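Source file: coords-v4.txt. Holds: compact mmCIF, C-alpha atoms.
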```txt
# COMPACT_ATOMS: atom_id res chain seq x y z
CA MET D 1 123.41 100.10 120.64
CA THR D 2 126.46 98.07 119.65
CA ASN D 3 125.78 94.77 117.87
CA PRO D 4 122.12 94.37 118.91
CA LYS D 5 120.43 90.99 118.90
CA ILE D 6 117.19 91.16 116.92
CA LEU D 7 114.66 88.33 117.03
CA LEU D 8 113.00 88.11 113.61
CA ILE D 9 109.59 86.42 113.57
CA ASP D 10 107.50 85.57 110.50
CA VAL D 11 104.01 84.28 111.32
CA GLY D 12 102.41 82.89 108.17
CA ASN D 13 99.13 81.13 107.59
CA THR D 14 100.42 77.69 108.57
CA ARG D 15 103.85 78.12 110.20
CA ILE D 16 105.81 80.47 112.42
CA LYS D 17 109.50 80.99 111.61
CA TRP D 18 112.13 82.80 113.63
CA TYR D 19 115.82 83.67 113.61
CA LEU D 20 118.01 85.53 116.10
CA HIS D 21 120.00 88.04 114.06
CA SER D 22 123.25 89.44 115.43
CA ALA D 23 126.66 90.55 114.20
CA ALA D 24 127.97 87.07 114.94
CA THR D 25 125.03 85.27 113.29
CA PRO D 26 123.54 87.62 110.66
CA VAL D 27 120.47 86.46 108.81
CA LEU D 28 121.24 85.62 105.19
CA ALA D 29 118.85 84.89 102.33
CA THR D 30 119.94 81.26 102.52
CA SER D 31 119.68 80.96 106.32
CA ALA D 32 117.54 78.14 107.68
CA PRO D 33 115.20 79.67 110.29
CA SER D 34 113.64 77.61 113.04
CA ALA D 35 109.96 76.84 112.42
CA LEU D 36 106.86 75.32 113.97
CA PRO D 37 103.42 74.68 112.48
CA HIS D 38 100.37 76.37 113.99
CA HIS D 39 98.60 74.22 116.57
CA ASN D 40 96.72 74.63 119.83
CA GLN D 41 99.84 74.25 122.00
CA LEU D 42 102.00 76.58 119.89
CA PRO D 43 102.75 79.16 122.63
CA GLU D 44 103.87 76.43 125.03
CA HIS D 45 106.14 74.84 122.41
CA LEU D 46 107.56 78.24 121.49
CA ALA D 47 108.24 79.05 125.15
CA ALA D 48 110.26 75.87 125.49
CA GLN D 49 112.43 76.82 122.50
CA TRP D 50 112.68 80.59 123.05
CA GLN D 51 113.77 80.16 126.68
CA ALA D 52 117.07 78.82 125.33
CA LEU D 53 117.71 81.98 123.28
CA PRO D 54 119.88 84.85 124.52
CA ARG D 55 117.73 87.84 125.45
CA PRO D 56 117.11 89.87 122.29
CA ASP D 57 117.38 93.65 122.29
CA GLU D 58 114.49 93.98 119.86
CA VAL D 59 111.79 91.88 118.22
CA ARG D 60 110.61 92.46 114.65
CA ILE D 61 107.54 90.57 113.57
CA SER D 62 105.50 90.02 110.43
CA HIS D 63 102.11 88.51 111.23
CA VAL D 64 99.35 87.49 108.78
CA ALA D 65 97.63 84.82 110.91
CA GLN D 66 94.73 85.29 113.33
CA ALA D 67 94.84 88.25 115.70
CA VAL D 68 94.51 86.02 118.77
CA LEU D 69 97.79 84.30 117.93
CA TYR D 70 99.54 87.67 117.67
CA GLU D 71 98.30 88.59 121.13
CA GLN D 72 99.55 85.27 122.49
CA LEU D 73 102.98 85.80 120.94
CA ILE D 74 103.32 89.31 122.32
CA GLY D 75 102.32 88.00 125.76
CA LEU D 76 104.93 85.25 125.51
CA ILE D 77 107.66 87.69 124.44
CA GLN D 78 106.89 89.98 127.39
CA GLN D 79 106.71 87.03 129.76
CA LEU D 80 110.15 85.82 128.69
CA TRP D 81 111.99 89.12 128.29
CA GLY D 82 109.92 91.82 129.95
CA ASN D 83 109.72 95.34 128.53
CA ILE D 84 111.36 94.86 125.15
CA THR D 85 111.05 96.85 121.91
CA ILE D 86 108.60 95.12 119.56
CA VAL D 87 108.22 96.34 115.98
CA ARG D 88 105.37 94.99 113.89
CA VAL D 89 106.38 95.51 110.26
CA GLN D 90 103.54 96.72 108.02
CA PRO D 91 103.52 97.49 104.28
CA SER D 92 104.24 101.06 103.30
CA ALA D 93 103.53 102.64 99.92
CA ARG D 94 106.88 104.41 99.92
CA ASN D 95 110.18 103.04 101.14
CA ALA D 96 113.77 104.00 100.41
CA GLN D 97 114.11 100.75 98.47
CA LEU D 98 110.63 100.23 97.05
CA ASN D 99 107.68 102.12 95.58
CA LEU D 100 104.75 99.82 96.21
CA ASN D 101 102.19 99.69 93.39
CA TYR D 102 99.55 97.89 95.47
CA ASP D 103 97.00 98.82 98.12
CA GLU D 104 99.23 98.57 101.20
CA SER D 105 96.21 97.88 103.41
CA GLN D 106 95.62 94.66 101.43
CA MET D 107 99.18 93.38 101.08
CA GLY D 108 100.40 90.82 103.60
CA SER D 109 103.36 91.94 105.65
CA ASP D 110 105.15 88.67 104.82
CA ARG D 111 104.85 89.36 101.11
CA TYR D 112 106.03 92.95 101.64
CA ALA D 113 109.04 91.76 103.64
CA GLN D 114 109.94 89.34 100.84
CA LEU D 115 109.98 92.22 98.35
CA LEU D 116 112.21 94.30 100.63
CA GLY D 117 114.58 91.38 101.17
CA ALA D 118 114.79 90.73 97.44
CA ARG D 119 115.52 94.40 96.75
CA TRP D 120 118.29 94.40 99.33
CA LEU D 121 119.83 91.29 97.74
CA HIS D 122 119.70 92.70 94.19
CA PRO D 123 119.27 96.49 94.41
CA ASN D 124 119.95 97.13 90.71
CA ALA D 125 118.12 94.22 89.08
CA ASP D 126 114.67 93.61 87.63
CA LEU D 127 113.09 91.07 89.96
CA VAL D 128 110.25 88.59 90.11
CA VAL D 129 109.63 87.43 93.67
CA ILE D 130 107.65 84.22 94.16
CA GLY D 131 106.35 83.26 97.58
CA ALA D 132 105.35 79.59 97.44
CA GLY D 133 103.51 79.05 100.70
CA THR D 134 99.85 78.41 101.51
CA ALA D 135 99.17 80.69 98.55
CA ILE D 136 101.56 81.47 95.71
CA THR D 137 102.30 85.18 95.27
CA VAL D 138 104.14 86.54 92.23
CA ASP D 139 105.38 90.15 92.22
CA ALA D 140 107.63 92.10 89.89
CA ILE D 141 109.94 95.02 90.72
CA THR D 142 111.96 97.08 88.25
CA ALA D 143 115.65 97.80 88.75
CA THR D 144 114.74 101.29 90.00
CA GLY D 145 112.61 99.86 92.83
CA GLN D 146 109.21 100.37 91.21
CA HIS D 147 106.84 97.56 92.15
CA ILE D 148 104.58 96.87 89.16
CA GLY D 149 102.04 94.71 91.01
CA GLY D 150 101.45 91.04 91.59
CA ILE D 151 99.09 88.06 91.56
CA ILE D 152 97.90 85.47 94.08
CA VAL D 153 97.00 81.87 93.21
CA PRO D 154 96.33 78.82 95.39
CA SER D 155 99.29 76.62 96.23
CA THR D 156 99.45 73.15 94.73
CA ARG D 157 98.51 71.73 98.14
CA LEU D 158 95.53 74.06 98.41
CA MET D 159 94.32 73.12 94.93
CA ARG D 160 94.48 69.41 95.73
CA THR D 161 92.80 69.94 99.12
CA ALA D 162 89.94 71.90 97.54
CA LEU D 163 89.35 69.19 94.93
CA HIS D 164 89.43 66.51 97.65
CA GLU D 165 86.96 68.37 99.88
CA TYR D 166 84.48 69.34 97.16
CA THR D 167 84.38 66.05 95.25
CA ALA D 168 83.37 62.58 96.33
CA GLN D 169 86.30 60.47 95.12
CA LEU D 170 89.39 62.55 94.49
CA PRO D 171 92.21 61.57 96.91
CA LEU D 172 94.31 63.90 99.04
CA GLU D 173 97.48 61.79 98.86
CA VAL D 174 100.38 63.40 97.04
CA GLY D 175 101.25 62.01 93.63
CA GLU D 176 104.21 62.52 91.31
CA MET D 177 104.84 65.16 88.70
CA SER D 178 104.66 63.52 85.24
CA LEU D 179 107.19 65.15 82.94
CA LEU D 180 107.74 62.69 80.09
CA GLU D 181 104.15 61.65 79.48
CA ALA D 182 100.68 62.53 80.67
CA PRO D 183 99.61 61.08 84.08
CA HIS D 184 98.07 57.60 84.21
CA ASN D 185 96.48 57.70 87.69
CA THR D 186 94.45 60.19 89.67
CA ARG D 187 97.07 61.05 92.31
CA ASP D 188 99.61 61.93 89.64
CA ALA D 189 96.93 63.74 87.61
CA LEU D 190 96.05 65.94 90.58
CA HIS D 191 99.66 66.69 91.50
CA THR D 192 100.74 67.34 87.93
CA GLY D 193 97.66 69.44 87.21
CA ALA D 194 98.21 71.62 90.27
CA LEU D 195 101.89 72.15 89.47
CA LEU D 196 101.18 72.96 85.83
CA ALA D 197 98.50 75.43 86.92
CA SER D 198 101.01 77.14 89.22
CA ILE D 199 103.74 77.19 86.59
CA GLY D 200 101.26 78.38 83.95
CA ALA D 201 100.19 81.30 86.16
CA ILE D 202 103.85 82.30 86.63
CA GLU D 203 104.55 81.97 82.91
CA CYS D 204 101.53 84.14 82.03
CA PHE D 205 102.54 86.75 84.58
CA MET D 206 106.04 86.91 83.13
CA ARG D 207 104.78 87.11 79.54
CA MET D 208 102.09 89.71 80.24
CA TYR D 209 103.87 92.04 82.66
CA CYS D 210 107.62 91.40 82.43
CA ALA D 211 108.25 91.00 78.71
CA GLN D 212 110.62 93.98 78.59
CA MET D 213 112.47 93.06 81.79
CA ASP D 214 115.61 90.97 82.23
CA VAL D 215 114.53 89.48 85.52
CA ARG D 216 116.11 87.57 88.32
CA ILE D 217 113.58 85.18 89.87
CA ILE D 218 113.71 84.67 93.64
CA LEU D 219 111.65 81.95 95.30
CA CYS D 220 110.83 81.41 98.95
CA GLY D 221 108.27 79.46 100.96
CA GLY D 222 107.79 75.79 101.80
CA ASP D 223 106.97 74.71 98.24
CA ALA D 224 109.77 76.74 96.65
CA PRO D 225 112.27 73.88 96.06
CA GLU D 226 109.81 71.73 94.11
CA LEU D 227 108.37 74.67 92.19
CA MET D 228 111.85 75.94 91.32
CA ARG D 229 112.95 72.51 90.11
CA HIS D 230 110.05 72.25 87.68
CA LEU D 231 110.34 75.86 86.54
CA GLN D 232 113.94 75.11 85.57
CA THR D 233 113.01 71.85 83.85
CA ILE D 234 110.02 73.13 81.89
CA ASN D 235 111.20 76.65 81.02
CA SER D 236 115.00 76.50 81.21
CA TRP D 237 114.87 79.96 82.82
CA GLN D 238 118.12 81.46 83.99
CA HIS D 239 118.77 83.45 87.17
CA LEU D 240 116.50 81.46 89.47
CA SER D 241 117.48 81.33 93.12
CA HIS D 242 116.02 79.88 96.29
CA ALA D 243 116.14 82.31 99.21
CA PRO D 244 114.31 80.67 102.13
CA ALA D 245 114.94 83.55 104.56
CA VAL D 246 114.39 86.46 102.17
CA GLY D 247 111.34 87.61 104.18
CA LEU D 248 113.33 87.68 107.42
CA LEU D 249 116.04 89.58 105.56
CA GLY D 250 113.37 92.12 104.64
CA LEU D 251 112.48 92.59 108.30
CA ILE D 252 116.07 93.65 108.98
CA HIS D 253 116.20 96.07 106.08
CA HIS D 254 112.72 97.61 106.27
```
Representation of the structure as structure tokens:
Amino acid sequence: MTNPKILLIDVGNTRIKWYLHSAATPVLATSAPSALPHHNQLPEHLAAQWQALPRPDEVRISHVAQAVLYEQLIGLIQQLWGNITIVRVQPSARNAQLNLNYDESQMGSDRYAQLLGARWLHPNADLVVIGAGTAITVDAITATGQHIGGIIVPSTRLMRTALHEYTAQLPLEVGEMSLLEAPHNTRDALHTGALLASIGAIECFMRMYCAQMDVRIILCGGDAPELMRHLQTINSWQHLSHAPAVGLLGLIHH
């Protein structure tokens, strides 16, 4: 097929993102995909937006949300475009670009796609890939494509939400990160504490598992810009980059 149009769909825990890849509009690591949060009327809102798209030749989808939503999306795709090729990308232990050192049955397809996208961007570099979404995932890959494993920690938002829900008086409102001096109010204490916990987990991962690696750090996910800003400020690390569509890039190159 000459110059196929491929609809790339990433269904996370809180949002669905999509991008129509073609020769004229190829997905790049820095592309800004369209996105909607999960809600009860999601299929209807998606239908309104996807009807305006040219008919894709293929759909590639990463899905880590509830199974019922996947069934709704497949039904919507078939309703709009009929009998179309749909590929659900799943983690594989062995790939031409990546040897996965993780139980593939337990790795999210979004996280796997991020690793593949990062490898395609920097095929000869040691990499740390940070997905800063509902949870923060941190994975390392050697320059030869050997995945060494990864960690999962709650996002800063999830940490603050848990403290709000399980305590009587801690607020949910977002505070400010205190860099020059320790926080002086509870909102800032919660926000700063959650960010420092996230940064500390990344620092420990790097020190424990990547000490002999000269890594490039790639961040993606909704909280990536803030996390990247503070990683640069606190650690002065080099070779940090924000790649918001690296997971969609991985769907193309899986």
Inset, instruction - Can you work out which one of D:Ala67, D:Val215, D:Leu196, D:Met107 has the shortest atom-to-atom distance to D:Ser241, counting all atoms listed in the file? - result: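 Result for the nearest residue to D:Ser241: D:Val215.
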Legend entry - For D:Ser178: contacts at 12 Å, all atoms listed in the file, fewer than 3 positions along chain excluded, given as a count of residues only: 20
Inset, instruction - Please work out which residues fall within 12 Å of (107.7, 78.6, 107.6), coordinates as given in the file, with only C-alpha atoms counting, and return them as a ChimeraX atom specification. - result: /D:9-19,32-38,62-63,110,131-134,220-224,244-248
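Note that atom CA of D:Thr156 and atom CA of D:Pro171 are 13.8 Å apart.
Relative to atom CA of D:His21, atom CA of D:Ala52 is found at 14.9 Å.
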Legend entry - atom CA of D:Asn101 to atom CA of D:Ala197, distance in Å rounded to a single decimal: 25.4 Å
Legend entry - Polymer residues at most 8 Å from D:Leu249, only C-alpha atoms, same-chain spacing of 6 or more positions, as a ChimeraX atom specification: /D:27-29,113-114,116-117
Legend entry - For D:Leu8, the nearest of the candidates D:Val153, D:Leu73, D:Val59, D:Ala48, counting only C-alpha atoms: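 Closest candidate: D:Val59.
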Legend entry - Selected residue, from D:Met206, D:Val64, D:Ile130, D:Leu69, that lies nearest to D:His39 when counting all atoms listed in the file: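 Closest to D:His39, using all atoms listed in the file: D:Leu69.
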Legend entry - Distance criterion (all atoms listed in the file): nearest to D:Glu203 out of D:Ala135, D:Ala162, D:Val68, D:Ile151: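 The closest residue to D:Glu203 is D:Ile151.
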Inset, instruction - Quick one: everything within 12 Å of stretch 75-86 of chain D, counting only C-alpha atoms, minus sequence neighbours fewer than 3 positions away in the same chain. Send it as number ranges by chain. - result: D: 4-9, 42-62, 68-72, 89
Mind working out the centre and edge lengths of an axis-aligned box for stretch 20-27 of chain D, all listed atoms inside, 5 Å added to each side, rounded to one decimal in Å and written as AutoDock Vina command-line options?
```
--center_x 123.0 --center_y 87.9 --center_z 112.5 --size_x 20.0 --size_y 15.3 --size_z 17.3
```
Hey, what's within 7 Å of D:Leu231 if we count all atoms listed in the file and toss same-chain stuff fewer than 4 positions away? As a PDB file with C-alpha atoms, keeping the file's coordinate frame, please?
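Result file out06.pdb:
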```
ATOM      1  CA  ILE D 199     103.740  77.190  86.590  1.00  0.00           C
ATOM      2  CA  LEU D 227     108.370  74.670  92.190  1.00  0.00           C
ATOM      3  CA  ASN D 235     111.200  76.650  81.020  1.00  0.00           C
TER       4      ASN D 235
END
```
Legend entry - Polymer residues at most 9 Å from D:Asp214, only C-alpha atoms, same-chain spacing of 5 or more positions, as a list of chain:residue names: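 Surrounding residues, per the criterion: D:Ala125, D:Asp126, D:Leu127.
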Inset, instruction - Find, counting all atoms listed in the file, the residue in D:Arg88, D:His147, D:Arg160, D:Arg207 that gets nearest to D:Ala118. - result: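 Once distances to D:Ala118 are computed over all atoms listed in the file, the minimum belongs to D:His147.
Using all atoms listed in the file, the smallest distance between any of D:Ser236, D:Gln169, D:Asn99, D:Asn124 and D:Gln146 comes from D:Asn99.
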Inset, instruction - Determine, counting all atoms listed in the file, every residue of protein, DNA or RNA that lies within 7 Å of (105.5, 90.0, 89.9) in the file coordinates, then give the result as a PyMOL selection string. - result: chain D and resi 128-129+138-141+148-151+205
